[in-house]
Number of protein chains: 2
Amino acid sequence: MRDPQRVTLNDVAAASGVSRATASFVLRDSPNQSISAATRERVRQAARDLGYVPHAIARALREGSSRIVVLSLDVALDGNYARSYVRGLDAELDAHDHALLVRYEHAGTEATLDAIAPRAVLRFGEPYLTGHELDDSGGWRDGLAAHVSAQIGYLAGRGHTRIAYALPDRETPLRAVRLRFADLAAERLGLSPVTPFSIPVSRTGAADSLAEFRAAHPAVTAVAAFDDDVALRVLAAMRDLGLAAPGDLAVIGFDDNGYGALATPALTTVHIDAEAHGRQAARAILGLDAADLPAAPGRVVGRESA
Amino acid sequence: MRDPQRVTLNDVAAASGVSRATASFVLRDSPNQSISAATRERVRQAARDLGYVPHAIARALREGSSRIVVLSLDVALDGNYARSYVRGLDAELDAHDHALLVRYEHAGTEATLDAIAPRAVLRFGEPYLTGHELDDSGGWRDGLAAHVSAQIGYLAGRGHTRIAYALPDRETPLRAVRLRFADLAAERLGLSPVTPFSIPVSRTGAADSLAEFRAAHPAVTAVAAFDDDVALRVLAAMRDLGLAAPGDLAVIGFDDNGYGALATPALTTVHIDAEAHGRQAARAILGLDAADLPAAPGRVVGRESA
DNA sequence: TCGGTGAGCTAAATCGATCTAGTAGATCGA
DNA sequence: TCGATCTACTAGATCGATTTAGCTCACCGA
């Protein structure tokens, strides 16, 4: 079932009366080759006329890896961060003649990756979402630290001094990191550390947890959430308990996921434009300089809940 | 930068004292080859010992296409349908030694696809979500028709006879199809056709549209929505207008997206298990029989809004 | 004892692009 | 006039797996 009309480099070489090697040199623009302008033009013209498209599989076999970058995801592509990150990554790779493919992680990942010999495999969000273990000072301009800081700062600016940090009840490596940055931000603002608080997925469970938490920590007046998902669960629990935001408890989410605007009260959240992060990741993978890229700004979208 | 420790077929052949051809025959289990049991065992043992993994790029070059199937998406992978579809597709391809990669559509798609010579390119949801233009009868067991029918049927079962169909205001090829199936379902149930109704993204716009719609169609007592997203917009608009669901207007969504449960009132919706659809798509692509696969059932998740 | 057959294997072509190690011929300085 | 150097190109190896076309025996029947 081979494609019978595929135009190969051999065809181009034959059509322009040169060897395959010369044709390749011209089309690849290889350095250290002296080829006359006339010949170059003939080869290029032939390639254009025949509609030559290099066969990427063959090239990959020769080069040892394909021009594909795989993004490995273990979660849904939810939230504005993820969406803008992928947009930037895709655009930048495109600009450098590479392609992005997304892989949903599960068993068998190894074999899959082997199958396309990607130039690189990227785990979603690295190094933004992880890798903060050692570096406390960095990342305050546009990293996770800055974004968490904006979240806490918004609540502080509204006069809140006792703040809870609402977390999903499943384990994630991010929990500890986010909590630490929240504490650091609180410290910088002269507040006491945030009080962590897990909220379950089930709606009744969420209400029970919140009631219990409120009883144990009556001084808390505001909740910063791990993400909008968690924040929406907090809002739902509050409604079920007859509490109003922001009056009884102010709530701020993280990473504008599109559903917060539909809640009542509408969810205040942190919106992160991660397109630059995506571009940075692309440059890093390709070994290019990324110094000229802008930062990924986070801004608070003030709605009703805080 | 070639991987220096890659184990090739040559290594396996050398280690087991046979030619490359023989090794390939054994490992591929090629028919029409007579190879002694002893030799087969030696080759297999060597492959195991060395940890041989066939180089998929080389194989793809030889075979003309790789064992990769690309799923082309133009939307976010939202909702339960999409997630379960991908799960099934992935699992089934895995079972047949193929791999799934997801491609987010945009300019430059052609070049990307060329780069991995995929065995097939699949557009999301086909033939479930499209291709209904000509075929009215199909899909009443587990297709889109059946699922829309379940949605309308649920409202009918609750005594509603004048039903609106809420649609997103952006154009999508699905609008017309869904609307037709809703009308067919209404007709089967002896109801008058559904009244279409577009709801904008902006929250104030949504409230205005709904108020206007209610004024124009006072007899309507229930809304079936295009998806949960639209349904949540309807619920938000209702709250903004001081209306209660299901008292003033019953609302049912479509394709349980996870956020409906957090709304107040919690959103009643149609939950579709599309894993079988994903598996069917995989079989179709690989040219295998899919007769033994189960149907993709849809069921109504009754919560509070209808 | 010869032709035929089948078992058990192998050499080499193939897929398409890349790139090393050349060759042929022109030009130049001494 | 000889070697050196440069320009302009090419033959062929290479990446790794698959597969066609054979090759060498052993054995069988006549």
# chains A, B, ... in the order shown; residues from 1 in each chain; ligands from 1
call {"tool": "closest_atom_pairs", "arguments": {"of": "chain C", "to": "stretch 4-17 of chain D", "cutoff": "9 Å", "atoms": "only C-alpha atoms (C1' of nucleotides)", "output": "Markdown table"}}
result
| residue | atom | partner | partner_atom | distance |
| --- | --- | --- | --- | --- |
| C:DT18 | C1' | D:DT14 | C1' | 8.5 |
| C:DC19 | C1' | D:DT14 | C1' | 8.9 |
| C:DT20 | C1' | D:DA13 | C1' | 8.4 |
| C:DG22 | C1' | D:DA11 | C1' | 8.3 |
| C:DT23 | C1' | D:DT10 | C1' | 7.9 |
| C:DA24 | C1' | D:DC9 | C1' | 8.9 |
| C:DA26 | C1' | D:DT7 | C1' | 8.1 |
| C:DT27 | C1' | D:DC6 | C1' | 8.1 |
| C:DC28 | C1' | D:DT5 | C1' | 8.3 |
call {"tool": "residues_around", "arguments": {"residues": "D:DG22", "least_positions_apart": "5", "cutoff": "12 Å", "atoms": "only C-alpha atoms (C1' of nucleotides)", "output": "list in words"}}
result
DC9, DT10, DA11 and DA12 of chain C
call {"tool": "select_by_dssp", "arguments": {"residues": "stretch 109-271 of chain B", "states": "helix (DSSP H, G or I)", "output": "ChimeraX atom specification"}}
result
/B:109-116,144-157,174-188,203-216,228-240,260-262
call {"tool": "interface_residues", "arguments": {"of": "chain B", "to": "chain D", "cutoff": "7 Å", "atoms": "only C-alpha atoms (C1' of nucleotides)", "output": "list in words"}}
result
Thr8, His55, Ala58, Arg59 and Arg62 of chain B
call {"tool": "write_last_selection", "arguments": {"atoms": "N, CA and C atoms", "output": "compact mmCIF listing (two decimals), in the first residue's frame"}}
result
# COMPACT_ATOMS: atom_id res chain seq x y z
N THR B 8 19.50 -3.56 18.22
CA THR B 8 18.84 -3.71 16.92
C THR B 8 18.64 -5.18 16.59
N HIS B 55 12.52 -0.92 16.26
CA HIS B 55 12.60 0.51 16.01
C HIS B 55 11.46 0.90 15.08
N ALA B 58 12.04 2.82 11.73
CA ALA B 58 12.56 1.99 10.64
C ALA B 58 11.44 1.12 10.07
N ARG B 59 10.66 0.58 10.96
CA ARG B 59 9.55 -0.24 10.52
C ARG B 59 8.57 0.58 9.68
N ARG B 62 9.81 1.17 6.21
CA ARG B 62 9.65 -0.02 5.40
C ARG B 62 8.18 -0.27 5.05
call {"tool": "calpha_fit_rmsd", "arguments": {"fixed": "chain A", "moving": "chain B"}}
result
0.4 Å
call {"tool": "select_by_dssp", "arguments": {"residues": "stretch 118-306 of chain A", "states": "strand (DSSP E)", "output": "PyMOL selection string"}}
result
chain A and resi 120-123+163-168+195-199+222-225+250-252+269-272+298-301
call {"tool": "write_last_selection", "arguments": {"atoms": "N, CA and C atoms", "output": "PDB file, in the first residue's frame"}}
result
ATOM      1  N   ALA A 120      11.678  15.334  21.719  1.00  0.00           N
ATOM      2  CA  ALA A 120      11.651  15.511  23.167  1.00  0.00           C
ATOM      3  C   ALA A 120      10.290  15.147  23.701  1.00  0.00           C
ATOM      4  N   VAL A 121      10.259  14.782  24.937  1.00  0.00           N
ATOM      5  CA  VAL A 121       8.999  14.537  25.609  1.00  0.00           C
ATOM      6  C   VAL A 121       8.907  15.524  26.759  1.00  0.00           C
ATOM      7  N   LEU A 122       7.819  16.218  26.771  1.00  0.00           N
ATOM      8  CA  LEU A 122       7.653  17.287  27.731  1.00  0.00           C
ATOM      9  C   LEU A 122       6.538  16.890  28.675  1.00  0.00           C
ATOM     10  N   ARG A 123       6.773  17.069  29.948  1.00  0.00           N
ATOM     11  CA  ARG A 123       5.667  16.834  30.875  1.00  0.00           C
ATOM     12  C   ARG A 123       4.976  18.164  31.097  1.00  0.00           C
ATOM     13  N   ILE A 163      -6.378  33.443  56.500  1.00  0.00           N
ATOM     14  CA  ILE A 163      -6.749  32.877  55.202  1.00  0.00           C
ATOM     15  C   ILE A 163      -6.580  31.360  55.203  1.00  0.00           C
ATOM     16  N   ALA A 164      -7.561  30.673  54.659  1.00  0.00           N
ATOM     17  CA  ALA A 164      -7.461  29.223  54.505  1.00  0.00           C
ATOM     18  C   ALA A 164      -7.026  28.900  53.083  1.00  0.00           C
ATOM     19  N   TYR A 165      -6.336  27.773  52.914  1.00  0.00           N
ATOM     20  CA  TYR A 165      -5.978  27.329  51.558  1.00  0.00           C
ATOM     21  C   TYR A 165      -6.706  26.027  51.285  1.00  0.00           C
ATOM     22  N   ALA A 166      -7.635  26.062  50.333  1.00  0.00           N
ATOM     23  CA  ALA A 166      -8.464  24.884  50.035  1.00  0.00           C
ATOM     24  C   ALA A 166      -7.783  24.019  48.988  1.00  0.00           C
ATOM     25  N   LEU A 167      -7.667  22.724  49.309  1.00  0.00           N
ATOM     26  CA  LEU A 167      -6.940  21.796  48.448  1.00  0.00           C
ATOM     27  C   LEU A 167      -7.828  20.634  48.054  1.00  0.00           C
ATOM     28  N   PRO A 168      -7.552  20.019  46.898  1.00  0.00           N
ATOM     29  CA  PRO A 168      -8.299  18.813  46.525  1.00  0.00           C
ATOM     30  C   PRO A 168      -7.898  17.694  47.478  1.00  0.00           C
ATOM     31  N   THR A 195      -4.086  28.377  56.514  1.00  0.00           N
ATOM     32  CA  THR A 195      -4.553  27.129  57.116  1.00  0.00           C
ATOM     33  C   THR A 195      -4.994  26.175  56.010  1.00  0.00           C
ATOM     34  N   PRO A 196      -4.305  25.055  55.857  1.00  0.00           N
ATOM     35  CA  PRO A 196      -4.699  24.135  54.787  1.00  0.00           C
ATOM     36  C   PRO A 196      -6.011  23.433  55.114  1.00  0.00           C
ATOM     37  N   PHE A 197      -6.703  23.022  54.056  1.00  0.00           N
ATOM     38  CA  PHE A 197      -8.057  22.518  54.221  1.00  0.00           C
ATOM     39  C   PHE A 197      -8.405  21.693  52.982  1.00  0.00           C
ATOM     40  N   SER A 198      -8.678  20.395  53.168  1.00  0.00           N
ATOM     41  CA  SER A 198      -9.011  19.528  52.036  1.00  0.00           C
ATOM     42  C   SER A 198     -10.502  19.465  51.831  1.00  0.00           C
ATOM     43  N   ILE A 199     -10.899  19.484  50.572  1.00  0.00           N
ATOM     44  CA  ILE A 199     -12.332  19.427  50.304  1.00  0.00           C
ATOM     45  C   ILE A 199     -12.637  18.261  49.373  1.00  0.00           C
ATOM     46  N   ALA A 222     -11.425  34.162  54.816  1.00  0.00           N
ATOM     47  CA  ALA A 222     -11.266  34.045  53.365  1.00  0.00           C
ATOM     48  C   ALA A 222     -10.619  32.720  52.993  1.00  0.00           C
ATOM     49  N   VAL A 223     -10.949  32.254  51.791  1.00  0.00           N
ATOM     50  CA  VAL A 223     -10.398  31.002  51.284  1.00  0.00           C
ATOM     51  C   VAL A 223      -9.741  31.244  49.933  1.00  0.00           C
ATOM     52  N   ALA A 224      -8.480  30.861  49.823  1.00  0.00           N
ATOM     53  CA  ALA A 224      -7.821  30.820  48.517  1.00  0.00           C
ATOM     54  C   ALA A 224      -7.834  29.365  48.090  1.00  0.00           C
ATOM     55  N   ALA A 225      -8.189  29.122  46.832  1.00  0.00           N
ATOM     56  CA  ALA A 225      -8.339  27.734  46.414  1.00  0.00           C
ATOM     57  C   ALA A 225      -7.222  27.301  45.490  1.00  0.00           C
ATOM     58  N   ALA A 250     -14.898  34.953  52.002  1.00  0.00           N
ATOM     59  CA  ALA A 250     -14.503  35.358  50.648  1.00  0.00           C
ATOM     60  C   ALA A 250     -13.782  34.188  49.987  1.00  0.00           C
ATOM     61  N   VAL A 251     -14.014  33.995  48.699  1.00  0.00           N
ATOM     62  CA  VAL A 251     -13.405  32.866  47.994  1.00  0.00           C
ATOM     63  C   VAL A 251     -12.719  33.351  46.724  1.00  0.00           C
ATOM     64  N   ILE A 252     -11.470  32.954  46.557  1.00  0.00           N
ATOM     65  CA  ILE A 252     -10.773  33.256  45.310  1.00  0.00           C
ATOM     66  C   ILE A 252     -10.235  31.964  44.720  1.00  0.00           C
ATOM     67  N   THR A 269     -10.952  35.093  40.543  1.00  0.00           N
ATOM     68  CA  THR A 269      -9.904  34.103  40.335  1.00  0.00           C
ATOM     69  C   THR A 269      -8.639  34.735  39.772  1.00  0.00           C
ATOM     70  N   VAL A 270      -7.587  33.940  39.654  1.00  0.00           N
ATOM     71  CA  VAL A 270      -6.335  34.409  39.053  1.00  0.00           C
ATOM     72  C   VAL A 270      -6.265  33.877  37.634  1.00  0.00           C
ATOM     73  N   HIS A 271      -6.061  34.781  36.694  1.00  0.00           N
ATOM     74  CA  HIS A 271      -6.002  34.407  35.288  1.00  0.00           C
ATOM     75  C   HIS A 271      -4.550  34.490  34.840  1.00  0.00           C
ATOM     76  N   ILE A 272      -4.019  33.403  34.322  1.00  0.00           N
ATOM     77  CA  ILE A 272      -2.605  33.372  33.946  1.00  0.00           C
ATOM     78  C   ILE A 272      -2.472  33.193  32.444  1.00  0.00           C
ATOM     79  N   GLY A 298       0.256  37.052  35.505  1.00  0.00           N
ATOM     80  CA  GLY A 298      -0.967  36.600  36.145  1.00  0.00           C
ATOM     81  C   GLY A 298      -1.720  37.836  36.600  1.00  0.00           C
ATOM     82  N   ARG A 299      -3.026  37.806  36.477  1.00  0.00           N
ATOM     83  CA  ARG A 299      -3.778  38.957  36.990  1.00  0.00           C
ATOM     84  C   ARG A 299      -5.030  38.431  37.666  1.00  0.00           C
ATOM     85  N   VAL A 300      -5.487  39.162  38.638  1.00  0.00           N
ATOM     86  CA  VAL A 300      -6.689  38.741  39.341  1.00  0.00           C
ATOM     87  C   VAL A 300      -7.911  39.263  38.585  1.00  0.00           C
ATOM     88  N   VAL A 301      -8.835  38.351  38.315  1.00  0.00           N
ATOM     89  CA  VAL A 301     -10.101  38.743  37.708  1.00  0.00           C
ATOM     90  C   VAL A 301     -11.097  38.906  38.850  1.00  0.00           C
TER      91      VAL A 301
END
call {"tool": "closest_atom_pairs", "arguments": {"of": "chain A", "to": "chain C", "cutoff": "10 Å", "atoms": "only C-alpha atoms (C1' of nucleotides)", "output": "tab-separated table"}}
result
residue	atom	partner	partner_atom	distance
A:Arg2	CA	C:DC15	C1'	9.6
A:Thr8	CA	C:DG16	C1'	6.9
A:Leu9	CA	C:DG16	C1'	7.4
A:Asn10	CA	C:DG16	C1'	8.6
A:Arg20	CA	C:DA17	C1'	9.0
A:Ala21	CA	C:DT18	C1'	8.0
A:Ser24	CA	C:DT18	C1'	7.5
A:Phe25	CA	C:DT18	C1'	8.8
A:Arg28	CA	C:DT18	C1'	9.5
A:Ser30	CA	C:DC19	C1'	9.9
A:Pro54	CA	C:DA17	C1'	7.8
A:His55	CA	C:DG16	C1'	6.6
A:Ala56	CA	C:DA17	C1'	8.7
A:Ile57	CA	C:DG16	C1'	8.2
A:Ala58	CA	C:DG16	C1'	5.0
A:Arg59	CA	C:DA17	C1'	5.2
A:Ala60	CA	C:DA17	C1'	8.7
A:Leu61	CA	C:DA17	C1'	8.6
A:Arg62	CA	C:DT18	C1'	6.5
A:Glu63	CA	C:DT18	C1'	7.8
call {"tool": "write_last_selection", "arguments": {"atoms": "C-alpha atoms", "output": "mmCIF file, in the first residue's frame"}}
result
data_model
loop_
_atom_site.group_PDB
_atom_site.id
_atom_site.type_symbol
_atom_site.label_atom_id
_atom_site.label_comp_id
_atom_site.auth_asym_id
_atom_site.auth_seq_id
_atom_site.Cartn_x
_atom_site.Cartn_y
_atom_site.Cartn_z
ATOM 1 C CA ARG A 2 2.805 2.425 -0.623
ATOM 2 C CA THR A 8 11.158 11.576 -3.657
ATOM 3 C CA LEU A 9 14.495 13.265 -3.606
ATOM 4 C CA ASN A 10 15.545 10.924 -6.390
ATOM 5 C CA ARG A 20 20.709 12.893 -4.994
ATOM 6 C CA ALA A 21 23.427 14.256 -2.751
ATOM 7 C CA SER A 24 19.775 17.202 -0.681
ATOM 8 C CA PHE A 25 22.518 19.764 -0.068
ATOM 9 C CA ARG A 28 18.788 21.412 3.199
ATOM 10 C CA SER A 30 23.903 22.515 4.012
ATOM 11 C CA PRO A 54 10.569 15.484 2.285
ATOM 12 C CA HIS A 55 9.548 12.167 3.749
ATOM 13 C CA ALA A 56 9.703 12.770 7.466
ATOM 14 C CA ILE A 57 9.927 9.132 8.442
ATOM 15 C CA ALA A 58 12.973 8.586 6.308
ATOM 16 C CA ARG A 59 14.514 11.739 7.647
ATOM 17 C CA ALA A 60 13.759 10.635 11.179
ATOM 18 C CA LEU A 61 15.385 7.270 10.597
ATOM 19 C CA ARG A 62 18.496 8.985 9.361
ATOM 20 C CA GLU A 63 18.583 11.732 11.960
#
call {"tool": "residues_around", "arguments": {"residues": "A:Ala46", "least_positions_apart": "2", "cutoff": "9 Å", "atoms": "only C-alpha atoms (C1' of nucleotides)", "output": "list in words"}}
result
Asp11, Val12, Ala13, Ala15, Ser16, Glu41, Arg42, Val43, Arg44, Arg48, Asp49, Leu50, Gly51 and Tyr52 of chain A
call {"tool": "atom_distance", "arguments": {"atom1": "atom CA of A:Pro294", "atom2": "atom CA of A:Ala274"}}
result
10.3 Å
call {"tool": "closest_residue", "arguments": {"among": "B:Arg6, B:Arg103, B:Arg180, B:Arg170", "to": "chain A", "atoms": "only C-alpha atoms"}}
result
B:Arg103
call {"tool": "closest_residue", "arguments": {"among": "A:Ala282, A:Ala182, A:Ala219, A:Val102", "to": "chain B", "atoms": "only C-alpha atoms"}}
result
A:Val102
call {"tool": "decode", "arguments": {"residues": "chain D", "atoms": "C-alpha atoms (C1' of nucleotides)", "output": "PDB file, in the first residue's frame"}}
result
ATOM      1  C1'  DT D   1      55.631  22.678 -15.253  1.00  0.00           C
ATOM      2  C1'  DC D   2      54.543  20.824 -10.843  1.00  0.00           C
ATOM      3  C1'  DG D   3      52.078  20.613  -6.857  1.00  0.00           C
ATOM      4  C1'  DA D   4      48.672  22.848  -4.136  1.00  0.00           C
ATOM      5  C1'  DT D   5      44.226  24.593  -3.645  1.00  0.00           C
ATOM      6  C1'  DC D   6      39.662  25.456  -4.708  1.00  0.00           C
ATOM      7  C1'  DT D   7      35.101  24.787  -6.997  1.00  0.00           C
ATOM      8  C1'  DA D   8      31.468  21.830  -8.204  1.00  0.00           C
ATOM      9  C1'  DC D   9      29.862  17.988  -7.928  1.00  0.00           C
ATOM     10  C1'  DT D  10      28.922  12.409  -7.083  1.00  0.00           C
ATOM     11  C1'  DA D  11      29.165   7.423  -5.400  1.00  0.00           C
ATOM     12  C1'  DG D  12      27.882   4.948  -1.917  1.00  0.00           C
ATOM     13  C1'  DA D  13      27.383   3.972   3.090  1.00  0.00           C
ATOM     14  C1'  DT D  14      24.152   4.577   6.556  1.00  0.00           C
ATOM     15  C1'  DC D  15      19.905   4.484   9.713  1.00  0.00           C
ATOM     16  C1'  DG D  16      16.925  -0.516  11.147  1.00  0.00           C
ATOM     17  C1'  DA D  17      13.459  -3.617   9.789  1.00  0.00           C
ATOM     18  C1'  DT D  18      11.140  -6.326   6.204  1.00  0.00           C
ATOM     19  C1'  DT D  19      10.819  -9.457   2.462  1.00  0.00           C
ATOM     20  C1'  DT D  20      11.892 -11.576  -2.029  1.00  0.00           C
ATOM     21  C1'  DA D  21      14.460 -14.730  -4.291  1.00  0.00           C
ATOM     22  C1'  DG D  22      17.281 -18.073  -3.692  1.00  0.00           C
ATOM     23  C1'  DC D  23      20.648 -21.608  -1.763  1.00  0.00           C
ATOM     24  C1'  DT D  24      22.066 -26.032   0.585  1.00  0.00           C
ATOM     25  C1'  DC D  25      21.057 -30.171   2.392  1.00  0.00           C
ATOM     26  C1'  DA D  26      18.531 -34.399   3.522  1.00  0.00           C
ATOM     27  C1'  DC D  27      15.432 -37.542   2.040  1.00  0.00           C
ATOM     28  C1'  DC D  28      12.211 -40.019  -1.035  1.00  0.00           C
ATOM     29  C1'  DG D  29      10.425 -42.678  -4.861  1.00  0.00           C
ATOM     30  C1'  DA D  30      11.486 -44.866  -9.142  1.00  0.00           C
TER      31       DA D  30
END
